[in-house]
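See below for query17.txt, which holds compact mmCIF, C-alpha atoms.
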# COMPACT_ATOMS: atom_id res chain seq x y z
CA MET I 1 19.59 -26.27 27.88
CA PRO I 2 20.36 -25.50 24.27
CA GLU I 3 23.61 -27.13 23.17
CA GLN I 4 25.09 -23.84 22.07
CA ALA I 5 24.44 -20.18 22.59
CA ASP I 6 22.36 -18.53 19.92
CA PRO I 7 22.53 -14.94 18.74
CA VAL I 8 19.11 -14.03 20.14
CA SER I 9 19.93 -15.28 23.62
CA GLU I 10 23.27 -13.52 23.55
CA ARG I 11 21.57 -10.28 22.56
CA VAL I 12 18.93 -10.69 25.27
CA ARG I 13 21.60 -11.28 27.92
CA SER I 14 23.53 -8.20 26.87
CA THR I 15 20.52 -5.88 26.66
CA PRO I 16 20.99 -3.01 29.11
CA GLY I 17 17.96 -2.26 31.24
CA LEU I 18 16.37 -5.66 30.77
CA GLY I 19 17.06 -7.03 34.24
CA PRO I 20 15.07 -4.34 36.09
CA ILE I 21 11.98 -4.63 33.89
CA VAL I 22 12.03 -8.43 34.13
CA ALA I 23 12.26 -8.07 37.90
CA GLN I 24 9.30 -5.70 37.80
CA ALA I 25 7.28 -8.20 35.76
CA GLU I 26 8.18 -11.03 38.13
CA ALA I 27 6.95 -8.94 41.05
CA VAL I 28 3.63 -8.47 39.23
CA TRP I 29 3.34 -12.23 38.72
CA ARG I 30 4.13 -12.97 42.35
CA GLU I 31 1.53 -10.48 43.49
CA ARG I 32 -1.00 -11.94 41.05
CA ALA I 33 -0.22 -15.48 42.19
CA ASP I 34 -0.70 -14.48 45.83
CA GLY I 35 -4.30 -13.76 44.90
CA GLU I 36 -4.80 -17.29 43.60
CA PRO I 37 -6.41 -19.86 45.90
CA ASP I 38 -3.40 -22.20 45.72
CA ALA I 39 -0.50 -19.78 45.95
CA ASP I 40 2.00 -22.50 46.75
CA ALA I 41 1.45 -24.00 43.34
CA ALA I 42 1.77 -20.69 41.57
CA GLY I 43 3.52 -21.13 38.29
CA TRP I 44 3.12 -19.84 34.80
CA ASN I 45 -0.31 -21.41 34.39
CA GLN I 46 -1.51 -20.08 37.70
CA VAL I 47 -0.50 -16.51 37.05
CA PHE I 48 -1.92 -16.80 33.56
CA PRO I 49 -5.34 -18.24 34.37
CA SER I 50 -6.59 -18.13 30.82
CA GLN I 51 -6.34 -21.27 28.73
CA PHE I 52 -5.26 -19.12 25.85
CA GLN I 53 -1.67 -18.56 26.85
CA GLU I 54 -0.39 -21.20 24.45
CA PHE I 55 2.12 -20.33 21.86
CA THR I 56 -0.42 -19.69 19.22
CA ASN I 57 -2.71 -16.80 18.61
CA ARG I 58 -5.75 -19.02 18.84
CA PRO I 59 -8.51 -18.40 19.26
CA ARG I 60 -8.86 -14.83 18.25
CA MET O 1 14.23 -9.56 8.63
CA PRO O 2 14.64 -13.33 8.58
CA PRO O 3 16.70 -14.62 11.47
CA SER O 4 20.27 -15.73 11.02
CA LEU O 5 20.73 -19.32 9.91
CA PHE O 6 23.99 -19.57 11.84
CA GLY O 7 24.71 -20.29 15.45
CA VAL O 8 21.22 -21.62 16.20
CA ALA O 9 20.90 -23.52 19.44
CA THR O 10 19.17 -26.86 19.83
CA PHE O 11 15.88 -26.11 21.54
CA SER O 12 14.21 -28.97 23.37
CA GLY O 13 10.60 -27.75 23.73
CA LEU O 14 7.60 -28.75 21.66
CA ARG O 15 8.99 -32.03 20.40
CA GLY O 16 6.23 -34.27 19.14
CA ILE O 17 2.52 -33.97 19.82
CA ALA O 18 0.65 -34.52 23.05
CA SER O 19 -1.79 -37.40 22.82
CA VAL O 20 -4.24 -35.58 25.08
CA PRO O 21 -5.17 -32.01 24.13
CA SER O 22 -5.88 -29.38 26.75
CA TYR O 23 -8.82 -27.92 24.87
CA VAL O 24 -11.16 -28.48 21.95
CA LEU O 25 -12.44 -25.71 19.70
CA MET O 26 -16.05 -26.11 18.64
CA GLN O 27 -17.97 -24.34 15.89
CA PRO O 28 -21.63 -24.25 16.97
CA THR O 29 -22.51 -22.41 13.76
CA THR O 30 -20.61 -21.04 10.79
CA LEU O 31 -22.82 -17.93 10.89
CA CYS O 32 -21.58 -14.56 12.04
CA ASN O 33 -23.78 -11.49 12.32
CA LEU O 34 -20.72 -9.37 11.53
CA ASN O 35 -18.64 -9.14 8.37
CA CYS O 36 -15.34 -7.80 9.65
CA ALA O 37 -12.96 -6.64 6.96
CA TYR O 38 -10.13 -8.91 8.06
CA CYS O 39 -12.13 -12.07 8.82
CA TYR O 40 -10.66 -15.30 7.48
CA LEU O 41 -13.78 -17.49 7.77
CA PRO O 42 -15.22 -18.66 4.45
CA HIS O 43 -18.82 -19.61 5.36
CA ARG O 44 -19.77 -16.92 7.85
CA ALA O 45 -22.84 -15.84 5.86
CA SER O 46 -24.44 -19.29 6.24
CA ASP O 47 -26.09 -20.70 9.35
CA ASN O 48 -24.70 -24.24 9.32
CA ARG O 49 -25.51 -25.32 12.86
CA MET O 50 -23.73 -28.07 14.69
CA PRO O 51 -26.08 -30.99 15.39
CA VAL O 52 -26.26 -32.11 19.01
CA ALA O 53 -25.00 -35.51 17.85
CA VAL O 54 -21.65 -33.88 17.01
CA ALA O 55 -21.35 -32.39 20.49
CA GLU O 56 -22.28 -35.73 22.05
CA ALA O 57 -19.58 -37.47 20.01
CA VAL O 58 -16.96 -34.89 21.02
CA ALA O 59 -18.00 -35.05 24.66
CA ALA O 60 -17.53 -38.83 24.71
CA SER O 61 -13.79 -38.24 24.15
CA ALA O 62 -13.45 -34.92 25.94
CA ASN O 63 -14.96 -36.26 29.14
CA ARG O 64 -12.23 -38.95 29.15
CA TRP O 65 -9.48 -36.45 28.36
CA ALA O 66 -10.66 -34.21 31.17
CA LEU O 67 -9.84 -36.97 33.62
CA ASP O 68 -6.18 -36.78 32.49
CA ASN O 69 -5.91 -32.98 32.62
CA GLU O 70 -5.86 -30.62 35.57
CA ARG O 71 -7.81 -28.25 33.35
CA PHE O 72 -9.69 -29.07 30.19
CA SER O 73 -11.70 -26.60 28.13
CA VAL O 74 -14.24 -26.50 25.38
CA VAL O 75 -14.05 -23.25 23.45
CA TRP O 76 -17.16 -22.28 21.50
CA HIS O 77 -15.85 -20.24 18.62
CA GLY O 78 -17.38 -19.51 15.31
CA GLY O 79 -18.73 -17.84 13.31
CA GLU O 80 -20.31 -15.96 16.14
CA PRO O 81 -21.17 -18.65 18.70
CA LEU O 82 -24.05 -16.67 20.19
CA SER O 83 -25.70 -16.72 16.76
CA ALA O 84 -26.56 -20.33 17.53
CA GLY O 85 -28.99 -19.10 20.20
CA ARG O 86 -29.14 -19.91 23.89
CA GLY O 87 -31.31 -22.99 23.55
CA HIS O 88 -29.13 -24.67 20.97
CA LEU O 89 -25.87 -23.70 22.66
CA ALA O 90 -27.18 -25.14 25.92
CA SER O 91 -28.02 -28.39 24.13
CA LEU O 92 -24.51 -28.52 22.69
CA MET O 93 -22.90 -27.86 26.08
CA ALA O 94 -25.04 -30.38 27.94
CA PRO O 95 -23.08 -33.56 27.05
CA PHE O 96 -19.83 -32.24 28.55
CA ALA O 97 -18.85 -33.24 32.08
CA GLY O 98 -19.21 -30.67 34.84
CA GLY O 99 -15.49 -30.20 35.47
CA ILE O 100 -14.83 -29.10 31.92
CA GLU O 101 -14.43 -25.35 31.46
CA GLN O 102 -16.78 -23.82 28.92
CA HIS O 103 -15.54 -20.74 27.02
CA VAL O 104 -17.06 -18.58 24.31
CA GLN O 105 -15.18 -16.19 22.04
CA THR O 106 -17.82 -13.66 21.01
CA ASN O 107 -17.97 -10.41 19.08
CA GLY O 108 -20.11 -9.09 21.94
CA THR O 109 -22.87 -7.58 19.82
CA LEU O 110 -25.52 -10.07 20.98
CA VAL O 111 -24.55 -10.00 24.66
CA ASP O 112 -27.42 -8.75 26.80
CA ASP O 113 -28.87 -9.45 30.22
CA ARG O 114 -30.29 -12.80 29.14
CA TRP O 115 -26.96 -13.93 27.70
CA CYS O 116 -25.22 -12.83 30.88
CA GLU O 117 -27.65 -14.92 32.90
CA PHE O 118 -26.88 -17.81 30.56
CA PHE O 119 -23.13 -17.35 31.10
CA LYS O 120 -23.62 -17.45 34.84
CA GLU O 121 -26.01 -20.39 34.77
CA HIS O 122 -23.64 -22.45 32.61
CA ASP O 123 -20.42 -21.13 34.19
CA VAL O 124 -19.20 -19.90 30.80
CA ARG O 125 -15.94 -17.93 30.58
CA VAL O 126 -16.18 -15.08 28.14
CA GLY O 127 -13.68 -13.86 25.58
CA LEU O 128 -14.61 -10.75 23.62
CA SER O 129 -13.30 -9.53 20.27
CA ILE O 130 -12.86 -5.75 20.04
CA ASP O 131 -9.99 -3.78 18.58
CA GLY O 132 -9.92 -0.70 20.80
CA PRO O 133 -11.71 2.66 20.76
CA ARG O 134 -14.26 3.42 18.04
CA GLU O 135 -11.73 4.34 15.34
CA SER O 136 -9.57 1.29 16.02
CA THR O 137 -12.62 -0.99 15.87
CA SER O 138 -13.83 0.42 12.54
CA LEU O 139 -13.04 -2.77 10.61
CA ARG O 140 -15.61 -4.64 12.69
CA VAL O 141 -18.83 -4.02 10.75
CA ASP O 142 -22.10 -5.82 10.07
CA TRP O 143 -23.27 -7.16 6.73
CA ALA O 144 -24.65 -3.74 5.81
CA GLY O 145 -21.26 -2.18 6.53
CA ARG O 146 -22.44 -0.45 9.70
CA PRO O 147 -19.89 -0.15 12.51
CA ALA O 148 -20.38 -2.68 15.30
CA TYR O 149 -18.64 -0.60 17.98
CA ASP O 150 -21.73 0.68 19.79
CA ARG O 151 -23.29 -2.78 19.87
CA ILE O 152 -20.06 -4.29 21.20
CA MET O 153 -19.92 -1.66 23.92
CA ARG O 154 -23.50 -2.42 24.91
CA GLY O 155 -22.38 -6.02 25.33
CA VAL O 156 -19.45 -4.88 27.47
CA ALA O 157 -21.83 -2.84 29.61
CA ALA O 158 -24.00 -5.92 30.15
CA LEU O 159 -21.00 -8.00 31.18
CA ARG O 160 -19.91 -5.34 33.63
CA ARG O 161 -23.44 -4.92 34.97
CA HIS O 162 -23.50 -8.63 35.74
CA GLU O 163 -19.91 -8.58 37.08
CA ILE O 164 -18.79 -11.20 34.57
CA ARG O 165 -15.03 -11.32 34.06
CA PHE O 166 -14.02 -11.22 30.43
CA ALA O 167 -10.87 -11.49 28.34
CA VAL O 168 -10.29 -9.57 25.11
CA ILE O 169 -8.69 -10.43 21.80
CA CYS O 170 -7.70 -7.31 19.84
CA VAL O 171 -6.60 -7.23 16.21
CA VAL O 172 -4.18 -4.50 15.16
CA SER O 173 -4.03 -3.71 11.46
CA ASP O 174 -2.07 -0.46 11.41
CA PRO O 175 0.51 -0.25 14.20
CA ARG O 176 1.15 3.48 14.00
CA PRO O 177 3.17 5.35 16.64
CA GLY O 178 1.16 6.08 19.76
CA LEU O 179 -1.44 3.38 19.11
CA ALA O 180 -0.13 0.94 21.69
CA ARG O 181 -0.56 3.31 24.61
CA GLU O 182 -3.99 4.37 23.36
CA LEU O 183 -5.10 0.75 23.10
CA TYR O 184 -3.67 -0.26 26.45
CA GLU O 185 -5.35 2.62 28.26
CA PHE O 186 -8.64 1.78 26.55
CA PHE O 187 -8.52 -1.88 27.53
CA ALA O 188 -7.28 -1.22 31.05
CA ASP O 189 -10.36 0.97 31.55
CA LEU O 190 -12.73 -1.36 29.69
CA GLY O 191 -12.85 -3.81 32.57
CA CYS O 192 -11.27 -6.86 30.94
CA PHE O 193 -8.81 -8.87 33.02
CA TRP O 194 -6.75 -10.23 30.11
CA LEU O 195 -5.72 -8.94 26.72
CA GLY O 196 -4.27 -10.74 23.71
CA VAL O 197 -3.07 -8.65 20.78
CA ASN O 198 -2.98 -10.09 17.27
CA ILE O 199 -1.38 -8.28 14.38
CA GLU O 200 -3.70 -8.81 11.41
CA GLU O 201 -2.76 -11.86 9.36
CA ARG O 202 -3.20 -12.70 5.71
CA GLU O 203 -5.03 -16.02 5.79
CA GLY O 204 -8.21 -17.74 4.78
CA VAL O 205 -10.45 -15.46 2.75
CA ASN O 206 -8.64 -12.40 4.10
CA THR O 207 -6.35 -11.44 1.25
CA ARG O 208 -5.84 -7.82 2.31
CA ASP O 209 -2.33 -6.53 1.89
CA ASN O 210 -0.73 -7.11 5.27
CA ALA O 211 2.76 -5.93 4.47
CA ARG O 212 3.83 -3.39 7.06
CA PRO O 213 7.20 -1.92 8.00
CA ALA O 214 9.05 -4.06 10.51
CA ALA O 215 10.18 -0.95 12.35
CA ALA O 216 6.58 0.18 12.88
CA VAL O 217 5.59 -3.20 14.31
CA GLN O 218 8.63 -3.31 16.57
CA THR O 219 7.93 0.19 17.84
CA PHE O 220 4.33 -0.81 18.53
CA TRP O 221 5.46 -3.69 20.74
CA ALA O 222 8.04 -1.50 22.49
CA GLU O 223 5.35 1.06 23.27
CA LEU O 224 2.98 -1.65 24.46
CA ALA O 225 5.67 -2.97 26.80
CA ALA O 226 6.14 0.53 28.19
CA ALA O 227 2.41 0.92 28.72
CA TRP O 228 2.04 -2.39 30.57
CA LEU O 229 5.07 -1.84 32.77
CA ALA O 230 3.79 1.59 33.72
CA ASP O 231 0.42 0.20 34.80
CA PRO O 232 0.30 -3.63 34.88
CA ARG O 233 -3.30 -3.95 36.05
CA ILE O 234 -4.43 -6.35 33.30
CA GLU O 235 -2.78 -9.48 31.95
CA LEU O 236 -1.18 -8.86 28.60
CA ARG O 237 -0.38 -12.07 26.73
CA GLU O 238 2.31 -10.99 24.32
CA ILE O 239 4.33 -8.62 26.49
CA GLU O 240 4.23 -10.89 29.51
CA TRP O 241 5.35 -13.89 27.49
CA ALA O 242 8.23 -11.87 26.03
CA LEU O 243 9.29 -10.77 29.51
CA ARG O 244 8.90 -14.32 30.80
CA TYR O 245 11.16 -15.57 28.03
CA ALA O 246 13.69 -12.78 28.55
CA GLY O 247 13.75 -13.60 32.25
CA GLY O 248 14.37 -17.23 31.38
CA VAL O 249 17.31 -16.28 29.22
CA LEU O 250 18.78 -14.16 32.00
CA ALA O 251 18.26 -16.99 34.50
CA GLY O 252 19.58 -19.64 32.13
CA ASP O 253 16.39 -21.69 32.01
CA ALA O 254 14.70 -20.32 28.89
CA ASP O 255 14.81 -23.68 27.19
CA ASP O 256 12.50 -25.09 29.85
CA LEU O 257 9.70 -22.61 29.20
CA LEU O 258 8.01 -24.05 26.13
CA PRO O 259 5.71 -27.02 26.73
CA ARG O 260 7.51 -30.28 26.08
CA GLN O 261 4.96 -31.35 23.45
CA ARG O 262 2.70 -29.53 21.03
CA ASP O 263 -1.03 -29.46 21.77
CA PRO O 264 -2.98 -30.94 18.84
CA ILE O 265 -5.77 -28.34 19.36
CA PRO O 266 -8.62 -30.26 17.71
CA THR O 267 -11.12 -27.99 16.01
CA VAL O 268 -14.50 -29.57 15.38
CA ALA O 269 -16.40 -27.88 12.57
CA SER O 270 -20.17 -27.60 12.63
CA ASP O 271 -20.50 -30.74 10.50
CA GLY O 272 -18.25 -32.81 12.77
CA ARG O 273 -15.06 -32.67 10.71
CA VAL O 274 -11.89 -32.46 12.79
CA VAL O 275 -8.94 -30.26 11.87
CA LEU O 276 -5.83 -30.31 14.04
CA PHE O 277 -3.41 -27.49 14.91
CA SER O 278 -4.95 -24.58 13.00
CA PRO O 279 -8.64 -23.70 13.36
CA GLU O 280 -8.23 -21.38 10.37
CA LEU O 281 -7.96 -24.38 8.07
CA ALA O 282 -11.45 -25.65 8.91
CA GLY O 283 -13.82 -25.17 6.00
CA PHE O 284 -11.08 -24.85 3.39
CA THR O 285 -10.00 -27.24 0.67
CA ASP O 286 -6.84 -27.21 -1.36
CA PRO O 287 -5.95 -29.06 -4.57
CA ARG O 288 -2.82 -30.48 -2.94
CA TYR O 289 -4.02 -31.13 0.59
CA GLY O 290 -7.76 -31.82 0.33
CA ASP O 291 -9.96 -30.51 3.15
CA PHE O 292 -7.35 -30.72 5.97
CA ALA O 293 -9.73 -32.84 8.06
CA SER O 294 -8.38 -35.84 9.93
CA GLY O 295 -11.82 -37.40 10.23
CA ASN O 296 -15.37 -36.78 11.35
CA VAL O 297 -16.61 -37.41 14.87
CA LEU O 298 -19.85 -38.79 13.43
CA ASP O 299 -17.79 -41.61 11.90
CA ARG O 300 -15.09 -42.26 14.53
CA PRO O 301 -14.45 -41.21 18.14
CA LEU O 302 -12.49 -37.97 18.43
CA HIS O 303 -9.78 -39.53 20.59
CA GLU O 304 -9.18 -42.16 17.93
CA ILE O 305 -8.94 -39.51 15.22
CA VAL O 306 -6.38 -37.56 17.26
CA THR O 307 -4.37 -40.60 18.28
CA GLU O 308 -4.21 -42.08 14.79
CA THR O 309 -3.31 -38.75 13.22
CA ILE O 310 -0.45 -38.00 15.56
CA THR O 311 0.83 -41.57 15.69
CA ALA O 312 1.25 -41.81 11.94
CA PRO O 313 1.26 -38.26 10.53
CA SER O 314 0.69 -38.05 6.80
CA GLY O 315 -0.21 -35.48 4.18
CA TRP O 316 -0.20 -31.87 5.29
CA ILE O 317 0.37 -32.75 8.93
CA ALA O 318 3.60 -34.62 8.15
CA GLU O 319 4.70 -31.67 6.06
CA TYR O 320 3.82 -29.28 8.87
CA LEU O 321 5.77 -31.27 11.45
CA SER O 322 8.74 -31.28 9.08
CA GLY O 323 8.41 -27.52 8.84
CA MET O 324 8.37 -27.24 12.62
CA GLU O 325 11.68 -29.08 12.81
CA SER O 326 13.09 -26.78 10.13
CA CYS O 327 12.13 -23.87 12.38
CA ARG O 328 13.85 -25.52 15.33
CA ASP O 329 17.01 -26.15 13.31
CA SER O 330 17.25 -22.78 11.60
CA CYS O 331 15.64 -20.06 13.69
CA PRO O 332 17.22 -18.57 16.82
CA TYR O 333 13.79 -17.35 17.92
CA PHE O 334 12.37 -20.89 18.17
CA GLY O 335 12.71 -21.01 21.96
CA PHE O 336 10.49 -17.95 22.17
CA CYS O 337 8.13 -18.68 19.28
CA GLY O 338 7.76 -22.45 19.29
CA GLY O 339 7.49 -22.55 15.50
CA GLY O 340 5.25 -20.92 12.94
CA GLN O 341 1.57 -21.69 12.62
CA ALA O 342 0.25 -24.10 10.00
CA SER O 343 -2.31 -21.70 8.58
CA ASN O 344 0.18 -18.85 8.19
CA ARG O 345 2.58 -21.12 6.33
CA LEU O 346 -0.12 -22.27 3.94
CA PHE O 347 -1.85 -18.98 3.27
CA GLU O 348 1.35 -16.95 3.04
CA LEU O 349 3.79 -19.39 1.49
CA GLY O 350 1.64 -22.08 -0.10
CA ARG O 351 3.05 -25.02 1.83
CA PHE O 352 3.50 -26.27 5.37
CA ASP O 353 7.24 -26.98 5.46
CA ALA O 354 8.25 -23.40 4.78
CA THR O 355 9.53 -21.47 7.77
CA VAL O 356 9.55 -17.71 8.25
CA THR O 357 6.22 -15.99 7.65
CA ALA O 358 5.06 -12.42 8.02
CA HIS O 359 3.16 -13.61 11.07
CA CYS O 360 6.43 -14.88 12.59
CA SER O 361 7.98 -11.52 12.00
CA ASP O 362 5.09 -9.34 13.17
CA THR O 363 3.97 -11.32 16.17
CA LYS O 364 7.08 -13.07 17.46
CA ILE O 365 10.37 -11.64 16.18
CA ARG O 366 9.38 -7.97 16.27
CA LEU O 367 7.64 -8.54 19.62
CA LEU O 368 10.76 -9.80 21.35
CA GLU O 369 12.92 -7.18 19.69
CA GLY O 370 10.44 -4.47 20.64
CA VAL O 371 10.60 -5.47 24.29
CA LEU O 372 14.39 -5.36 24.11
CA ASP O 373 14.14 -1.90 22.53
CA HIS O 374 12.02 -0.76 25.45
CA ALA O 375 14.56 -2.16 27.92
CA ARG O 376 17.37 -0.23 26.25
CA ALA O 377 15.33 2.95 26.34
CA SER O 378 14.20 2.60 29.95
Since I need it in another form, could you write the structure as structure tokens?
Amino acid sequence: MPEQADPVSERVRSTPGLGPIVAQAEAVWRERADGEPDADAAGWNQVFPSQFQEFTNRPR
Amino acid sequence: MPPSLFGVATFSGLRGIASVPSYVLMQPTTLCNLNCAYCYLPHRASDNRMPVAVAEAVAASANRWALDNERFSVVWHGGEPLSAGRGHLASLMAPFAGGIEQHVQTNGTLVDDRWCEFFKEHDVRVGLSIDGPRESTSLRVDWAGRPAYDRIMRGVAALRRHEIRFAVICVVSDPRPGLARELYEFFADLGCFWLGVNIEEREGVNTRDNARPAAAVQTFWAELAAAWLADPRIELREIEWALRYAGGVLAGDADDLLPRQRDPIPTVASDGRVVLFSPELAGFTDPRYGDFASGNVLDRPLHEIVTETITAPSGWIAEYLSGMESCRDSCPYFGFCGGGQASNRLFELGRFDATVTAHCSDTKIRLLEGVLDHARAS
């Protein structure tokens, strides 16, 4: 964990309405993962089957 | 607005560089049959084809790396990779081991039944570049200035006819109100399974004015979040990552989301030169930094080039890594962003150890804030 809270995280935590839409997204990912051959191993990479989910915009 | 310099947490992700990449970008030719207004590539009018010897040299390392990775990919990028022709592309793909995923990122204009048969025969995963409906795609033109939209859509029709799954990369230049929903509806109906959205960047030979109001960009992302949540039938890179990060913050595990190490992302240019981290730097030279290449696969094995470069970083790479740590130390968005890209730093700010770029703002900061805006409004 980060050693101290940061202003972005604090603002995220205090954002009204965020919890329900995150829960909605997580339900989408679970449903998507259930369609994968190895659902038990479903994680971020499994629900995002593209290689291009890295934290870059490459390739375009 | 630049982030606050105060109260920044210590983020633990993306420390150091992985010794084994998860993919290699390959440039089978510098040529592109299009001349898009925002393209950053310097040599796209010339057909400098990659010799098979370059692919064989890359494959000698990639085939070893693939043994250490659950997934390993070769991404044929460009120029327009299909401009190399099926015969030559097949020869370039041939040296790679069977378990390696082959991808192309294509402008779609050359895709026809024969290319679709090629994709199936060679198990090629297809990424398409299109920016939305006709008006939104108007910056994608050929060398005579003619719009490419109809030709791209013929390519899409061929992919759909052959039931070939495809991903899409979309560039947004003017994020006006209402555009996000229009784009999302277009792409959801287009038949792609995955969408990545890039706000146009000022880099390479693209020197167009890319200044745009932060509020407009933030509203664009908020509207895109609303569109996806209302109908999440395709994967949407940016919005889903923002929601994944937000969920991590709420759950208290956001710091675990970024990969532990940075992928070196080797790009192999058509002549065999290797550029790490930013494909956009391939083909450029700079009075201070030279040609950005760490070596040439025709002279040394690719795995040696990568290992030596990351073991003892020097020149622009050392400066870039210093800049990454400056991002970590100063920017509260680092846990979401992972640090600014090398090419954006250079082309916007003239050096690699600078931090906040317009790309950071448009594509990371305003994205997260836009999703938060949507949450507040929902």
Counting only C-alpha atoms, give me one row per residue of chain O with an atom at most 8 Å from an atom of chain I, showing the shortest contact pair and its distance in Å to one decimal, sorted by chain then residue number, as a tab-separated table.
residue	atom	partner	partner_atom	distance
O:Gly7	CA	I:Asp6	CA	5.3
O:Val8	CA	I:Asp6	CA	5.0
O:Ala9	CA	I:Gln4	CA	5.0
O:Thr10	CA	I:Pro2	CA	4.8
O:Phe11	CA	I:Pro2	CA	5.3
O:Ser12	CA	I:Pro2	CA	7.1
O:Ser73	CA	I:Gln51	CA	7.6
O:His77	CA	I:Pro59	CA	7.6
O:Gln105	CA	I:Arg60	CA	7.5
O:Ser129	CA	I:Arg60	CA	7.2
O:Ile169	CA	I:Arg60	CA	5.7
O:Cys170	CA	I:Arg60	CA	7.8
O:Trp194	CA	I:Ser50	CA	7.9
O:Asn198	CA	I:Asn57	CA	6.8
O:Leu229	CA	I:Ala25	CA	7.4
O:Pro232	CA	I:Val28	CA	7.3
O:Glu235	CA	I:Phe48	CA	7.5
O:Arg237	CA	I:Gln53	CA	6.6
O:Glu240	CA	I:Ala25	CA	7.5
O:Leu243	CA	I:Val22	CA	5.9
O:Arg244	CA	I:Val22	CA	7.5
O:Ala246	CA	I:Val12	CA	6.5
O:Gly247	CA	I:Val22	CA	5.8
O:Val249	CA	I:Ser9	CA	6.3
O:Leu250	CA	I:Arg13	CA	5.7
O:Gly252	CA	I:Met1	CA	7.9
O:Asp253	CA	I:Met1	CA	6.9
O:Ala254	CA	I:Met1	CA	7.8
O:Asp255	CA	I:Met1	CA	5.5
O:Asp256	CA	I:Met1	CA	7.5
O:Pro279	CA	I:Arg58	CA	7.8
O:Pro332	CA	I:Val8	CA	5.9
O:Tyr333	CA	I:Val8	CA	6.7
O:Cys337	CA	I:Phe55	CA	6.7
O:Gly338	CA	I:Phe55	CA	6.6
O:Gln341	CA	I:Thr56	CA	7.2
O:Leu372	CA	I:Thr15	CA	6.7
O:Ala375	CA	I:Gly17	CA	4.8
O:Arg376	CA	I:Pro16	CA	5.4
O:Ala377	CA	I:Gly17	CA	7.6
O:Ser378	CA	I:Gly17	CA	6.3
Padded axis-aligned box of region 100-110 of chain O (3 Å per side), centre and edge lengths, Å, one decimal, as AutoDock Vina command-line options:
--center_x -20.0 --center_y -18.3 --center_z 25.5 --size_x 17.1 --size_y 27.5 --size_z 18.8
For CA of Pro287 (chain O) and CA of Ile199 (chain O), the interatomic separation in Å (one decimal) =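 Between these atoms lies a distance of 28.5 Å.
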Got a sec: who's within 10 Å of region 212-220 of chain O, counting all atoms listed in the file, leaving out chain neighbours fewer than 3 positions off, as a ChimeraX atom specification?
-> /O:1,172-181,199,209,223-226,358,361-374
Extract, using only C-alpha atoms, all DNA, RNA and protein residues at most 9 Å from His88 (chain O), discarding same-chain residues fewer than 4 positions from it, and format them as a CSV table (one decimal) with C-alpha atoms, keeping the file's coordinate frame.
chain,number,residue,atom,x,y,z
O,28,PRO,CA,-21.6,-24.2,17.0
O,49,ARG,CA,-25.5,-25.3,12.9
O,50,MET,CA,-23.7,-28.1,14.7
O,51,PRO,CA,-26.1,-31.0,15.4
O,52,VAL,CA,-26.3,-32.1,19.0
O,84,ALA,CA,-26.6,-20.3,17.5
O,92,LEU,CA,-24.5,-28.5,22.7
O,93,MET,CA,-22.9,-27.9,26.1
Contacts of Ile305 (chain O) at 12 Å (all atoms listed in the file; same-chain gap of 2+ positions) as a ChimeraX atom specification = /O:19-20,57-58,61,264,266-268,272-276,293-303,307-313
With C-alpha atoms retained, could you export that selection as a PDB file, keeping the file's coordinate frame?
ATOM      1  CA  SER O  19      -1.790 -37.400  22.820  1.00  0.00           C
ATOM      2  CA  VAL O  20      -4.240 -35.580  25.080  1.00  0.00           C
ATOM      3  CA  ALA O  57     -19.580 -37.470  20.010  1.00  0.00           C
ATOM      4  CA  VAL O  58     -16.960 -34.890  21.020  1.00  0.00           C
ATOM      5  CA  SER O  61     -13.790 -38.240  24.150  1.00  0.00           C
ATOM      6  CA  PRO O 264      -2.980 -30.940  18.840  1.00  0.00           C
ATOM      7  CA  PRO O 266      -8.620 -30.260  17.710  1.00  0.00           C
ATOM      8  CA  THR O 267     -11.120 -27.990  16.010  1.00  0.00           C
ATOM      9  CA  VAL O 268     -14.500 -29.570  15.380  1.00  0.00           C
ATOM     10  CA  GLY O 272     -18.250 -32.810  12.770  1.00  0.00           C
ATOM     11  CA  ARG O 273     -15.060 -32.670  10.710  1.00  0.00           C
ATOM     12  CA  VAL O 274     -11.890 -32.460  12.790  1.00  0.00           C
ATOM     13  CA  VAL O 275      -8.940 -30.260  11.870  1.00  0.00           C
ATOM     14  CA  LEU O 276      -5.830 -30.310  14.040  1.00  0.00           C
ATOM     15  CA  ALA O 293      -9.730 -32.840   8.060  1.00  0.00           C
ATOM     16  CA  SER O 294      -8.380 -35.840   9.930  1.00  0.00           C
ATOM     17  CA  GLY O 295     -11.820 -37.400  10.230  1.00  0.00           C
ATOM     18  CA  ASN O 296     -15.370 -36.780  11.350  1.00  0.00           C
ATOM     19  CA  VAL O 297     -16.610 -37.410  14.870  1.00  0.00           C
ATOM     20  CA  LEU O 298     -19.850 -38.790  13.430  1.00  0.00           C
ATOM     21  CA  ASP O 299     -17.790 -41.610  11.900  1.00  0.00           C
ATOM     22  CA  ARG O 300     -15.090 -42.260  14.530  1.00  0.00           C
ATOM     23  CA  PRO O 301     -14.450 -41.210  18.140  1.00  0.00           C
ATOM     24  CA  LEU O 302     -12.490 -37.970  18.430  1.00  0.00           C
ATOM     25  CA  HIS O 303      -9.780 -39.530  20.590  1.00  0.00           C
ATOM     26  CA  THR O 307      -4.370 -40.600  18.280  1.00  0.00           C
ATOM     27  CA  GLU O 308      -4.210 -42.080  14.790  1.00  0.00           C
ATOM     28  CA  THR O 309      -3.310 -38.750  13.220  1.00  0.00           C
ATOM     29  CA  ILE O 310      -0.450 -38.000  15.560  1.00  0.00           C
ATOM     30  CA  THR O 311       0.830 -41.570  15.690  1.00  0.00           C
ATOM     31  CA  ALA O 312       1.250 -41.810  11.940  1.00  0.00           C
ATOM     32  CA  PRO O 313       1.260 -38.260  10.530  1.00  0.00           C
TER      33      PRO O 313
END
